[in-house]
>>> print(open('data_14.txt').read())   # compact mmCIF, C-alpha atoms and all ligand atoms
# COMPACT_ATOMS: atom_id res chain seq x y z
CA MET A 1 0.00 0.00 0.00
CA ARG A 2 1.21 3.51 -0.88
CA PHE A 3 0.03 6.92 0.20
CA LEU A 4 -0.62 9.46 -2.49
CA VAL A 5 -0.93 12.93 -1.00
CA GLU A 6 -1.95 15.99 -2.98
CA PRO A 7 -0.33 19.25 -1.90
CA GLY A 8 -1.95 21.89 0.29
CA GLY A 9 -4.97 21.81 2.60
CA SER A 10 -5.52 22.75 6.21
CA LEU A 11 -6.56 20.80 9.33
CA THR A 12 -9.66 21.63 11.32
CA GLY A 13 -12.07 20.05 13.78
CA SER A 14 -11.41 17.57 16.57
CA VAL A 15 -9.70 14.20 16.43
CA ARG A 16 -8.83 11.48 18.90
CA VAL A 17 -5.83 9.45 17.77
CA PRO A 18 -5.51 5.78 18.84
CA GLY A 19 -4.37 4.65 22.28
CA ASP A 20 -0.84 4.82 23.61
CA LYS A 21 1.36 2.03 22.27
CA SER A 22 3.72 1.84 25.24
CA MET A 23 0.85 1.65 27.72
CA SER A 24 -1.06 -0.89 25.61
CA HIS A 25 1.90 -3.31 25.62
CA ARG A 26 2.39 -2.93 29.35
CA THR A 27 -1.34 -3.40 30.05
CA VAL A 28 -1.23 -6.86 28.45
CA MET A 29 2.03 -7.87 30.11
CA LEU A 30 1.06 -6.82 33.63
CA GLY A 31 -2.58 -7.86 33.20
CA ALA A 32 -1.44 -11.36 32.17
CA LEU A 33 0.71 -11.75 35.30
CA ALA A 34 -1.84 -10.26 37.69
CA GLU A 35 -4.40 -11.99 39.85
CA GLY A 36 -7.90 -11.24 38.52
CA THR A 37 -9.27 -9.71 35.33
CA THR A 38 -7.79 -6.49 34.02
CA VAL A 39 -10.09 -4.31 31.92
CA ALA A 40 -8.71 -1.51 29.76
CA THR A 41 -10.31 0.97 27.40
CA GLY A 42 -8.49 3.07 24.80
CA PHE A 43 -6.29 0.07 23.94
CA LEU A 44 -4.31 0.42 20.70
CA GLU A 45 -5.58 -2.02 18.08
CA GLY A 46 -2.36 -1.69 16.10
CA GLN A 47 -0.25 -4.64 14.97
CA ASP A 48 2.50 -4.03 17.53
CA ALA A 49 0.16 -4.25 20.51
CA LEU A 50 -1.63 -7.20 18.88
CA CYS A 51 1.71 -9.05 18.72
CA THR A 52 1.94 -8.75 22.49
CA VAL A 53 -1.67 -9.98 22.82
CA GLN A 54 -0.90 -12.97 20.56
CA ALA A 55 2.25 -13.83 22.49
CA PHE A 56 0.34 -14.05 25.79
CA ARG A 57 -2.48 -16.02 24.19
CA GLY A 58 0.27 -18.36 22.99
CA MET A 59 1.25 -18.76 26.65
CA GLY A 60 -2.24 -19.72 27.77
CA VAL A 61 -3.67 -16.34 28.80
CA THR A 62 -7.33 -15.71 27.97
CA ILE A 63 -7.72 -12.27 26.41
CA ARG A 64 -11.05 -10.90 25.14
CA GLY A 65 -10.88 -8.18 22.50
CA PRO A 66 -9.54 -5.71 21.75
CA GLU A 67 -12.78 -4.41 20.33
CA GLN A 68 -13.36 -0.71 19.94
CA GLY A 69 -10.44 -0.18 22.28
CA LYS A 70 -11.76 -2.44 25.04
CA ILE A 71 -9.69 -5.40 26.18
CA GLU A 72 -10.10 -7.87 29.06
CA ILE A 73 -7.21 -9.98 30.29
CA ASP A 74 -7.71 -12.89 32.68
CA GLY A 75 -4.49 -12.81 34.68
CA VAL A 76 -2.78 -16.12 35.44
CA GLY A 77 -0.60 -14.87 38.30
CA MET A 78 3.17 -14.48 38.41
CA HIS A 79 3.85 -18.17 37.76
CA GLY A 80 0.88 -19.15 35.60
CA LEU A 81 2.22 -18.72 32.05
CA LYS A 82 2.33 -21.91 29.95
CA PRO A 83 5.12 -22.90 27.54
CA PRO A 84 4.36 -21.52 24.05
CA VAL A 85 3.86 -24.17 21.39
CA ASP A 86 5.35 -22.01 18.64
CA VAL A 87 7.99 -19.37 18.15
CA LEU A 88 6.60 -16.05 19.43
CA ASP A 89 6.42 -13.63 16.50
CA MET A 90 6.86 -10.03 17.66
CA GLY A 91 6.38 -8.58 14.17
CA ASN A 92 7.80 -5.05 14.02
CA SER A 93 7.68 -4.46 17.76
CA GLY A 94 10.89 -3.67 19.62
CA THR A 95 8.94 -3.00 22.80
CA SER A 96 7.36 -6.49 22.74
CA ILE A 97 10.60 -8.39 22.22
CA ARG A 98 12.69 -6.36 24.66
CA LEU A 99 10.20 -6.22 27.52
CA LEU A 100 9.15 -9.82 27.06
CA SER A 101 12.74 -11.03 27.16
CA GLY A 102 12.83 -9.86 30.79
CA LEU A 103 9.67 -11.80 31.64
CA LEU A 104 10.56 -14.91 29.66
CA ALA A 105 14.07 -15.15 31.12
CA ALA A 106 12.40 -15.86 34.46
CA GLN A 107 10.01 -18.61 33.32
CA SER A 108 10.38 -22.33 33.90
CA PHE A 109 10.12 -23.06 30.15
CA ASP A 110 12.24 -22.34 27.05
CA SER A 111 10.97 -19.86 24.48
CA THR A 112 12.00 -18.28 21.18
CA MET A 113 11.07 -14.82 19.92
CA THR A 114 11.56 -13.42 16.46
CA GLY A 115 10.18 -10.64 14.26
CA ASP A 116 10.01 -9.08 10.80
CA VAL A 117 12.93 -7.88 8.66
CA SER A 118 13.14 -4.59 10.52
CA LEU A 119 13.08 -6.18 14.00
CA GLN A 120 15.65 -8.79 12.97
CA LYS A 121 18.15 -5.99 12.41
CA ARG A 122 17.69 -4.35 15.80
CA PRO A 123 20.18 -4.65 18.66
CA MET A 124 19.20 -6.96 21.52
CA GLY A 125 22.54 -6.93 23.36
CA ARG A 126 21.22 -3.99 25.34
CA VAL A 127 18.73 -6.34 27.05
CA THR A 128 20.61 -9.65 26.94
CA THR A 129 23.66 -8.13 28.71
CA PRO A 130 21.87 -7.10 31.93
CA LEU A 131 19.70 -10.23 31.82
CA ALA A 132 22.83 -12.41 31.60
CA ALA A 133 24.15 -10.60 34.69
CA MET A 134 20.92 -11.66 36.42
CA GLY A 135 21.59 -15.28 35.50
CA ALA A 136 19.49 -15.54 32.33
CA VAL A 137 20.64 -17.67 29.42
CA ILE A 138 19.72 -16.17 26.04
CA ASP A 139 21.16 -17.02 22.61
CA SER A 140 20.82 -14.58 19.76
CA ASP A 141 22.02 -14.17 16.21
CA GLU A 142 25.05 -12.02 17.00
CA GLY A 143 23.02 -9.74 19.22
CA ARG A 144 19.93 -9.68 16.97
CA PRO A 145 16.70 -11.69 16.94
CA PRO A 146 15.75 -14.48 17.04
CA LEU A 147 16.25 -14.77 20.81
CA HIS A 148 16.32 -18.27 22.30
CA ILE A 149 15.61 -18.02 26.01
CA LYS A 150 16.44 -20.91 28.31
CA GLY A 151 13.91 -21.54 31.05
CA GLY A 152 14.38 -22.83 34.58
CA LYS A 153 16.97 -20.26 35.63
CA SER A 154 16.47 -18.54 38.95
CA LEU A 155 17.34 -14.90 38.51
CA ARG A 156 19.33 -12.84 40.97
CA SER A 157 18.81 -9.13 41.47
CA ILE A 158 21.34 -6.62 40.14
CA HIS A 159 21.95 -2.92 40.07
CA TYR A 160 22.15 -1.88 36.43
CA ASP A 161 23.73 1.39 35.44
CA MET A 162 22.23 1.77 31.98
CA PRO A 163 24.69 2.87 29.27
CA VAL A 164 21.85 4.13 26.99
CA ALA A 165 18.74 6.09 27.89
CA SER A 166 16.20 3.43 26.98
CA ALA A 167 12.82 2.79 28.57
CA GLN A 168 12.77 -0.64 26.96
CA VAL A 169 16.00 -1.65 28.70
CA LYS A 170 14.86 -0.17 32.02
CA SER A 171 11.51 -1.96 31.75
CA CYS A 172 13.10 -5.27 30.76
CA VAL A 173 15.35 -5.25 33.82
CA LEU A 174 12.52 -4.20 36.15
CA LEU A 175 10.20 -6.90 34.77
CA ALA A 176 12.91 -9.54 35.24
CA GLY A 177 13.41 -8.07 38.71
CA LEU A 178 9.82 -8.98 39.63
CA PHE A 179 10.99 -12.61 39.62
CA ALA A 180 14.51 -12.13 40.99
CA GLU A 181 15.62 -12.74 44.50
CA GLY A 182 16.29 -9.45 46.28
CA ARG A 183 16.06 -5.86 45.12
CA THR A 184 16.68 -4.97 41.47
CA SER A 185 17.59 -1.40 40.64
CA VAL A 186 18.50 0.69 37.60
CA THR A 187 19.86 4.15 36.97
CA GLU A 188 19.38 5.83 33.63
CA PRO A 189 21.71 8.36 31.99
CA ALA A 190 18.68 10.58 31.32
CA PRO A 191 15.00 10.20 32.28
CA THR A 192 13.00 8.02 29.88
CA ARG A 193 9.29 7.18 29.72
CA ASP A 194 8.14 5.87 33.09
CA HIS A 195 4.97 3.98 32.15
CA THR A 196 6.31 0.70 33.56
CA GLU A 197 6.91 2.26 36.97
CA ARG A 198 3.54 4.02 37.00
CA MET A 199 1.64 0.98 35.80
CA LEU A 200 3.35 -1.42 38.22
CA ARG A 201 2.16 0.86 41.03
CA GLY A 202 -1.32 0.84 39.48
CA PHE A 203 -1.23 -2.97 39.70
CA GLY A 204 -0.35 -2.67 43.40
CA TYR A 205 3.41 -3.28 43.12
CA ASP A 206 5.75 -1.08 45.08
CA VAL A 207 8.36 0.68 42.89
CA GLU A 208 10.75 3.14 44.48
CA CYS A 209 12.38 6.05 42.72
CA GLU A 210 14.98 7.73 44.91
CA ASN A 211 17.94 9.86 43.85
CA GLU A 212 17.36 8.71 40.28
CA VAL A 213 17.62 5.03 41.25
CA ILE A 214 14.52 3.05 40.32
CA SER A 215 14.11 -0.18 42.26
CA LEU A 216 11.74 -2.96 43.21
CA GLN A 217 11.81 -6.03 45.39
CA GLY A 218 11.33 -9.37 43.65
CA GLY A 219 8.79 -11.95 44.65
CA GLY A 220 5.65 -9.83 44.99
CA ALA A 221 2.29 -10.15 43.24
CA LEU A 222 0.26 -7.97 40.86
CA LYS A 223 -3.43 -7.23 41.32
CA ALA A 224 -5.70 -6.76 38.30
CA ALA A 225 -6.50 -3.14 37.43
CA THR A 226 -8.96 -1.06 35.44
CA LEU A 227 -7.25 1.27 32.99
CA ASP A 228 -8.22 4.10 30.65
CA ILE A 229 -5.39 4.38 28.14
CA PRO A 230 -5.00 7.91 26.74
CA ALA A 231 -4.40 8.78 23.08
CA ASP A 232 -0.77 8.31 22.06
CA ILE A 233 1.16 11.59 22.05
CA SER A 234 3.50 10.01 19.48
CA SER A 235 0.55 9.63 17.09
CA ALA A 236 -0.85 13.05 18.04
CA ALA A 237 2.54 14.52 17.06
CA PHE A 238 1.78 14.08 13.34
CA PHE A 239 -1.29 16.27 13.76
CA LEU A 240 0.49 18.79 15.98
CA VAL A 241 2.99 19.39 13.20
CA ALA A 242 0.38 19.16 10.42
CA ALA A 243 -1.83 21.87 11.92
CA SER A 244 1.21 24.01 12.73
CA ILE A 245 2.60 24.00 9.17
CA ALA A 246 -0.68 24.15 7.20
CA GLU A 247 -2.04 27.66 6.86
CA GLY A 248 -5.59 28.20 8.16
CA SER A 249 -5.53 25.22 10.54
CA ASP A 250 -7.28 25.02 13.90
CA LEU A 251 -7.37 21.47 15.24
CA THR A 252 -8.09 19.96 18.64
CA LEU A 253 -6.55 16.66 19.69
CA GLU A 254 -8.57 14.96 22.40
CA HIS A 255 -7.51 13.03 25.50
CA VAL A 256 -3.78 13.04 24.74
CA GLY A 257 -1.36 11.43 27.20
CA MET A 258 0.81 14.21 28.64
CA ASN A 259 3.27 12.24 30.73
CA PRO A 260 6.26 14.60 31.19
CA THR A 261 8.62 11.83 30.02
CA ARG A 262 6.79 11.88 26.67
CA SER A 263 5.85 15.49 26.02
CA GLY A 264 9.18 16.75 24.62
CA VAL A 265 7.52 17.21 21.22
CA ILE A 266 5.30 19.96 22.63
CA THR A 267 8.27 21.70 24.24
CA ILE A 268 10.30 21.52 21.02
CA LEU A 269 7.45 22.74 18.79
CA THR A 270 6.71 25.57 21.23
CA LEU A 271 10.38 26.60 21.12
CA MET A 272 10.01 26.70 17.32
CA GLY A 273 7.05 29.06 17.64
CA ALA A 274 4.11 26.65 17.44
CA ASP A 275 0.75 27.72 18.86
CA ILE A 276 -0.33 24.81 21.08
CA GLU A 277 -2.85 25.37 23.83
CA VAL A 278 -3.07 22.75 26.57
CA LEU A 279 -6.71 22.46 27.69
CA ASN A 280 -8.64 20.46 30.31
CA GLU A 281 -5.60 19.05 32.06
CA ARG A 282 -6.61 16.08 34.19
CA GLU A 283 -5.24 12.84 35.57
CA VAL A 284 -6.54 9.51 34.33
CA GLY A 285 -5.40 6.30 36.05
CA GLY A 286 -2.09 7.75 37.21
CA GLU A 287 -1.23 9.44 33.89
CA PRO A 288 -1.71 13.14 33.01
CA VAL A 289 -4.04 13.78 30.05
CA ALA A 290 -5.13 16.95 28.19
CA ASP A 291 -6.81 18.21 25.03
CA LEU A 292 -4.47 20.09 22.70
CA ARG A 293 -5.64 22.93 20.46
CA VAL A 294 -3.16 23.72 17.71
CA ARG A 295 -3.33 26.53 15.20
CA SER A 296 -1.07 27.36 12.25
CA ALA A 297 2.04 29.31 13.11
CA SER A 298 5.26 30.49 11.51
CA LEU A 299 7.96 28.16 12.76
CA THR A 300 11.60 29.08 13.26
CA GLY A 301 14.55 26.70 13.27
CA ILE A 302 16.22 26.01 16.62
CA GLU A 303 19.05 24.07 18.19
CA ILE A 304 17.13 21.26 19.89
CA PRO A 305 18.18 21.05 23.57
CA GLN A 306 19.82 17.65 24.10
CA ASP A 307 17.99 16.97 27.36
CA LEU A 308 14.75 16.88 25.34
CA VAL A 309 15.95 14.08 23.05
CA PRO A 310 14.79 11.08 25.18
CA LEU A 311 11.51 12.88 25.89
CA ALA A 312 10.69 13.15 22.17
CA ILE A 313 12.60 10.13 20.88
CA ASP A 314 9.84 8.80 18.59
CA GLU A 315 8.77 12.22 17.31
CA PHE A 316 11.92 13.25 15.43
CA PRO A 317 10.79 12.09 11.98
CA ILE A 318 7.79 14.45 12.12
CA LEU A 319 9.85 17.15 13.86
CA PHE A 320 12.20 17.02 10.85
CA ILE A 321 9.21 17.93 8.66
CA ALA A 322 8.49 20.86 11.00
CA ALA A 323 12.16 21.86 10.60
CA ALA A 324 11.84 21.66 6.80
CA CYS A 325 8.94 24.16 7.03
CA ALA A 326 10.67 26.46 9.52
CA ALA A 327 12.61 29.61 8.74
CA GLY A 328 16.34 29.03 9.17
CA THR A 329 18.22 26.05 10.46
CA THR A 330 17.30 23.34 12.97
CA THR A 331 20.09 21.31 14.55
CA LEU A 332 19.67 18.00 16.33
CA SER A 333 22.56 16.34 18.13
CA GLY A 334 22.93 13.67 20.82
CA ALA A 335 20.35 11.51 19.04
CA GLU A 336 22.38 8.49 17.87
CA GLU A 337 19.58 6.26 19.25
CA LEU A 338 17.53 7.27 16.19
CA ARG A 339 19.84 5.08 14.13
CA VAL A 340 18.52 1.88 15.79
CA LYS A 341 14.77 2.46 15.65
CA GLU A 342 12.39 0.69 13.22
CA SER A 343 14.80 2.10 10.60
CA ASP A 344 17.87 4.33 10.83
CA ARG A 345 15.65 7.38 11.19
CA ILE A 346 18.41 9.89 10.50
CA ALA A 347 19.33 8.22 7.21
CA SER A 348 15.71 7.43 6.20
CA MET A 349 14.51 10.98 6.79
CA ALA A 350 17.58 12.55 5.18
CA GLU A 351 17.00 10.49 2.04
CA GLY A 352 13.36 11.55 1.75
CA LEU A 353 14.07 15.19 2.61
CA THR A 354 16.73 15.33 -0.11
CA ARG A 355 14.24 13.87 -2.61
CA LEU A 356 11.85 16.70 -1.71
CA GLY A 357 14.56 19.32 -2.19
CA VAL A 358 15.17 20.04 1.50
CA GLN A 359 18.75 20.93 2.33
CA ASN A 360 20.14 18.75 5.11
CA GLU A 361 23.45 17.62 6.54
CA VAL A 362 23.63 14.25 8.25
CA ARG A 363 25.81 13.82 11.32
CA SER A 364 26.60 10.65 13.24
CA ASP A 365 24.34 11.71 16.13
CA GLY A 366 21.85 13.97 14.41
CA ILE A 367 21.07 16.21 11.47
CA VAL A 368 21.02 19.85 10.41
CA ILE A 369 17.97 20.85 8.36
CA THR A 370 17.51 24.14 6.55
CA GLY A 371 13.90 25.13 5.99
CA GLY A 372 12.72 25.95 2.47
CA GLN A 373 10.15 25.15 -0.20
CA MET A 374 9.48 21.41 -0.49
CA THR A 375 8.83 19.88 -3.89
CA GLY A 376 6.62 16.90 -4.59
CA GLY A 377 8.23 13.53 -5.20
CA GLU A 378 8.44 9.87 -4.34
CA VAL A 379 9.84 8.77 -0.99
CA ASN A 380 10.68 5.43 0.67
CA THR A 381 9.77 4.41 4.19
CA PHE A 382 12.33 1.67 4.98
CA HIS A 383 9.62 -0.42 6.71
CA ASP A 384 9.15 2.38 9.22
CA HIS A 385 5.63 3.56 10.11
CA ARG A 386 6.75 6.96 11.40
CA ILE A 387 8.71 7.76 8.24
CA ALA A 388 5.57 7.01 6.19
CA MET A 389 3.29 9.27 8.24
CA SER A 390 5.86 12.07 8.40
CA PHE A 391 6.26 12.36 4.63
CA SER A 392 2.51 12.26 4.06
CA ILE A 393 2.17 15.30 6.36
CA ALA A 394 4.95 17.04 4.39
CA ALA A 395 2.57 17.32 1.41
CA LEU A 396 0.69 20.09 3.22
CA ARG A 397 3.59 22.38 2.34
CA ALA A 398 4.96 20.78 -0.83
CA ASN A 399 4.38 22.30 -4.28
CA GLY A 400 3.50 18.95 -5.87
CA PRO A 401 2.03 15.57 -4.85
CA ILE A 402 4.05 13.22 -2.64
CA GLN A 403 3.95 9.48 -3.17
CA VAL A 404 4.98 7.55 -0.06
CA ASN A 405 5.92 3.95 -0.91
CA ASP A 406 5.41 0.89 1.30
CA CYS A 407 3.00 2.18 3.95
CA ASP A 408 1.57 -1.07 5.32
CA HIS A 409 3.62 -0.64 8.49
CA VAL A 410 1.60 2.41 9.49
CA ALA A 411 -0.87 -0.05 10.99
CA THR A 412 1.71 -1.10 13.59
CA SER A 413 1.10 2.06 15.62
CA PHE A 414 -1.68 4.01 13.90
CA PRO A 415 -4.44 1.96 12.28
CA GLY A 416 -6.79 4.24 10.38
CA PHE A 417 -4.22 7.03 10.02
CA ALA A 418 -5.13 7.91 6.42
CA ALA A 419 -8.89 8.06 7.11
CA LEU A 420 -8.46 10.17 10.24
CA ALA A 421 -6.01 12.54 8.54
CA GLN A 422 -8.25 12.82 5.49
CA GLY A 423 -11.24 13.65 7.67
CA ALA A 424 -9.24 16.46 9.28
CA GLY A 425 -8.17 17.90 5.89
CA LEU A 426 -5.08 16.08 4.57
CA ARG A 427 -5.51 15.26 0.85
CA ILE A 428 -4.38 11.68 1.28
CA SER A 429 -5.45 8.47 -0.44
CA GLU A 430 -4.31 4.88 -0.06
CA VAL A 431 -3.27 3.15 -3.28
CA PHE A 432 -3.13 -0.66 -3.38
C1 LIG A 501 9.36 2.48 24.13
C2 LIG A 501 10.60 3.02 24.35
C3 LIG A 501 11.37 3.72 23.31
C4 LIG A 501 10.51 4.08 22.11
C5 LIG A 501 9.61 2.95 21.69
C6 LIG A 501 8.69 2.56 22.82
C7 LIG A 501 8.67 1.79 25.24
O1 LIG A 501 12.42 2.88 22.87
O2 LIG A 501 11.34 4.47 21.02
O3 LIG A 501 8.84 3.32 20.56
O4 LIG A 501 7.46 1.52 25.14
O5 LIG A 501 9.34 1.52 26.26
P1 LIG A 501 13.85 2.86 23.59
O6 LIG A 501 13.68 2.33 24.94
O7 LIG A 501 14.70 1.96 22.72
O8 LIG A 501 14.33 4.28 23.56
>>> encode(input="data_14.txt", output="structure tokens")
Amino acid sequence: MRFLVEPGGSLTGSVRVPGDKSMSHRTVMLGALAEGTTVATGFLEGQDALCTVQAFRGMGVTIRGPEQGKIEIDGVGMHGLKPPVDVLDMGNSGTSIRLLSGLLAAQSFDSTMTGDVSLQKRPMGRVTTPLAAMGAVIDSDEGRPPLHIKGGKSLRSIHYDMPVASAQVKSCVLLAGLFAEGRTSVTEPAPTRDHTERMLRGFGYDVECENEVISLQGGGALKAATLDIPADISSAAFFLVAASIAEGSDLTLEHVGMNPTRSGVITILTLMGADIEVLNEREVGGEPVADLRVRSASLTGIEIPQDLVPLAIDEFPILFIAAACAAGTTTLSGAEELRVKESDRIASMAEGLTRLGVQNEVRSDGIVITGGQMTGGEVNTFHDHRIAMSFSIAALRANGPIQVNDCDHVATSFPGFAALAQGAGLRISEVF
């Protein structure tokens, strides 16, 4: 499937983008291990979250839905998972494979996890190294999937000083720590999304965060919870940029998750001159939520503060489109992690930007983008959902149509993207 996007248009009205991907994964994982039935609404019905659902079904967990965002998970308790009959296929989902490796390393049975071409290229040493220190035995293909996890190992607690700022690594170690003897702790080089910590507490598990050390005691139990998952700020980001760059736009995004470890995109866009109003701030199930009203604005290039990088890590592809529409130069550095996402997002975006006539200079840890008139053209997505959505939004300011090739992966995080964007004013069609 390709996107064909005609140039121009503006975005108006109100939209609610699908549920948060990170929270959806964690809902299934913790719900499966809890005692009792967990009920969540706002669950993301995207392929990534469905891979996590399938994996737990494969381990004997009864899960009803998701249907219209509602999911019910009959928890089997901390030691109730059954050996999977097949290899667990994690599709495109780095979060599934990395978080699950922590849980599976502690089970009594062997398991194997693999994924699609993109996932098979992604580094797993970042999780297998701390897990090995805890006593886990995991074989990989030179640090990449498939992962073969040996069961029957009793894990010991560790303190892990994380070399990269990664919520997936932190979560993996904490989830393994639930089963380890003693107290497992991690420190991160910079704060990353804290949904695991918040959600563990929501499931009645004590997680301490003191002097930047996050820790928990192994051997406890989880109690089923009722959750209302907010709209994913990473999906909302496409609309925040779209309404900012398209003249005459006035768009409201409803019920967006505003966790401070995720809202770097709003800070960065505001620094660039975006007009984003945060309305109806409230707290839902331990997570801050708000409605966001965004109107067109003239953006200016900035040097992106490095401390904001982990807080906007998934939003850089669309922020690069904002930079292409801004006056002057935008510089990103300290973002080498972008090179190991669903694609090398620095290289993928640079290639597409160049095709659309946007001046850019690639650096090992970032990029420099000079704003200017975008042309139409044909761009590739490198199996990366966020590259696909970013270049479709670019058409709002291009002087010709943009054809975005290979867009099936958009459904991993944002099913229904084209229809929702079209309803709000993007001139997008899907071509099969
Ligand atoms: C995620 C953490 C981030 C992010 C990913 C989701 C999570 O990855 O890019 O989309 O749910 O924990 P890293 O931990 O590799 O930064």
>>> residues_around(input="data_14.txt", residues="A:Ala335", least_positions_apart="6", cutoff="12 Å", atoms="all atoms listed in the file", output="JSON, numbers by chain")
{"A": [164, 165, 304, 305, 306, 307, 308, 309, 310, 311, 312, 313, 314, 315, 316, 317, 341, 344, 345, 346, 362, 363, 364, 365, 366, 367]}
>>> closest_atom_pairs(input="data_14.txt", of="chain A", to="ligand LIG 501 (chain A)", cutoff="10 Å", atoms="all atoms listed in the file", output="JSON lines")
{"residue": "A:Asp20", "atom": "CA", "partner": "A:LIG501", "partner_atom": "O4", "distance": 9.1}
{"residue": "A:Lys21", "atom": "CA", "partner": "A:LIG501", "partner_atom": "O4", "distance": 6.8}
{"residue": "A:Ser22", "atom": "CA", "partner": "A:LIG501", "partner_atom": "O4", "distance": 3.8}
{"residue": "A:Met23", "atom": "CA", "partner": "A:LIG501", "partner_atom": "O4", "distance": 7.1}
{"residue": "A:Ser24", "atom": "CA", "partner": "A:LIG501", "partner_atom": "O4", "distance": 8.9}
{"residue": "A:His25", "atom": "CA", "partner": "A:LIG501", "partner_atom": "O4", "distance": 7.4}
{"residue": "A:Arg26", "atom": "CA", "partner": "A:LIG501", "partner_atom": "O4", "distance": 8.0}
{"residue": "A:Ser93", "atom": "CA", "partner": "A:LIG501", "partner_atom": "O3", "distance": 8.3}
{"residue": "A:Gly94", "atom": "CA", "partner": "A:LIG501", "partner_atom": "C5", "distance": 7.1}
{"residue": "A:Thr95", "atom": "CA", "partner": "A:LIG501", "partner_atom": "O4", "distance": 5.3}
{"residue": "A:Ser96", "atom": "CA", "partner": "A:LIG501", "partner_atom": "O4", "distance": 8.4}
{"residue": "A:Arg98", "atom": "CA", "partner": "A:LIG501", "partner_atom": "O5", "distance": 8.7}
{"residue": "A:Leu99", "atom": "CA", "partner": "A:LIG501", "partner_atom": "O5", "distance": 7.9}
{"residue": "A:Arg122", "atom": "CA", "partner": "A:LIG501", "partner_atom": "O7", "distance": 9.8}
{"residue": "A:Pro123", "atom": "CA", "partner": "A:LIG501", "partner_atom": "O7", "distance": 9.5}
{"residue": "A:Arg126", "atom": "CA", "partner": "A:LIG501", "partner_atom": "O7", "distance": 9.2}
{"residue": "A:Val164", "atom": "CA", "partner": "A:LIG501", "partner_atom": "O8", "distance": 8.3}
{"residue": "A:Ala165", "atom": "CA", "partner": "A:LIG501", "partner_atom": "O8", "distance": 6.4}
{"residue": "A:Ser166", "atom": "CA", "partner": "A:LIG501", "partner_atom": "O6", "distance": 3.4}
{"residue": "A:Ala167", "atom": "CA", "partner": "A:LIG501", "partner_atom": "O6", "distance": 3.8}
{"residue": "A:Gln168", "atom": "CA", "partner": "A:LIG501", "partner_atom": "O6", "distance": 3.7}
{"residue": "A:Val169", "atom": "CA", "partner": "A:LIG501", "partner_atom": "O6", "distance": 5.9}
{"residue": "A:Lys170", "atom": "CA", "partner": "A:LIG501", "partner_atom": "O6", "distance": 7.6}
{"residue": "A:Ser171", "atom": "CA", "partner": "A:LIG501", "partner_atom": "O5", "distance": 6.9}
{"residue": "A:Cys172", "atom": "CA", "partner": "A:LIG501", "partner_atom": "O5", "distance": 9.0}
{"residue": "A:Thr192", "atom": "CA", "partner": "A:LIG501", "partner_atom": "O8", "distance": 7.5}
{"residue": "A:Arg193", "atom": "CA", "partner": "A:LIG501", "partner_atom": "O5", "distance": 6.6}
{"residue": "A:Asp194", "atom": "CA", "partner": "A:LIG501", "partner_atom": "O5", "distance": 8.2}
{"residue": "A:His195", "atom": "CA", "partner": "A:LIG501", "partner_atom": "O5", "distance": 7.7}
{"residue": "A:Thr196", "atom": "CA", "partner": "A:LIG501", "partner_atom": "O5", "distance": 7.9}
{"residue": "A:Ser234", "atom": "CA", "partner": "A:LIG501", "partner_atom": "O3", "distance": 8.6}
{"residue": "A:Arg262", "atom": "CA", "partner": "A:LIG501", "partner_atom": "C4", "distance": 9.8}
{"residue": "A:Val309", "atom": "CA", "partner": "A:LIG501", "partner_atom": "O8", "distance": 9.9}
{"residue": "A:Pro310", "atom": "CA", "partner": "A:LIG501", "partner_atom": "O8", "distance": 7.0}
{"residue": "A:Leu311", "atom": "CA", "partner": "A:LIG501", "partner_atom": "O8", "distance": 9.3}
{"residue": "A:Ala312", "atom": "CA", "partner": "A:LIG501", "partner_atom": "O2", "distance": 8.8}
{"residue": "A:Ile313", "atom": "CA", "partner": "A:LIG501", "partner_atom": "O2", "distance": 5.8}
{"residue": "A:Asp314", "atom": "CA", "partner": "A:LIG501", "partner_atom": "O2", "distance": 5.2}
{"residue": "A:Glu315", "atom": "CA", "partner": "A:LIG501", "partner_atom": "O2", "distance": 9.0}
{"residue": "A:Glu337", "atom": "CA", "partner": "A:LIG501", "partner_atom": "O8", "distance": 7.1}
{"residue": "A:Leu338", "atom": "CA", "partner": "A:LIG501", "partner_atom": "O2", "distance": 8.3}
{"residue": "A:Val340", "atom": "CA", "partner": "A:LIG501", "partner_atom": "O7", "distance": 7.9}
{"residue": "A:Lys341", "atom": "CA", "partner": "A:LIG501", "partner_atom": "O2", "distance": 6.7}
{"residue": "A:Glu342", "atom": "CA", "partner": "A:LIG501", "partner_atom": "O3", "distance": 8.6}
{"residue": "A:Ser413", "atom": "CA", "partner": "A:LIG501", "partner_atom": "O3", "distance": 9.3}
>>> atom_distance(input="data_14.txt", atom1="atom CA of A:Met59", atom2="atom CA of A:Pro18")
26.6 Å
>>> atom_distance(input="data_14.txt", atom1="atom CA of A:Ala243", atom2="atom CA of A:His383")
25.6 Å
>>> atom_distance(input="data_14.txt", atom1="atom CA of A:Met349", atom2="atom CA of A:Gly91")
22.4 Å
>>> closest_residue(input="data_14.txt", among="A:Gly36, A:Gly69, A:Gly220, A:Gly9", to="A:Leu50", atoms="all atoms listed in the file")
A:Gly69
>>> closest_residue(input="data_14.txt", among="A:Asn360, A:Ser244, A:Ser298, A:Ser235", to="A:Ala394", atoms="only C-alpha atoms")
A:Ser244
>>> closest_residue(input="data_14.txt", among="A:His409, A:His255, A:Lys150, A:Arg57", to="A:Thr112", atoms="only C-alpha atoms")
A:Lys150
>>> residues_around(input="data_14.txt", residues="A:Gly8", least_positions_apart="3", cutoff="12 Å", atoms="all atoms listed in the file", output="number ranges by chain")
A: 5, 11, 242-243, 245-249, 374-376, 392-402, 425-428
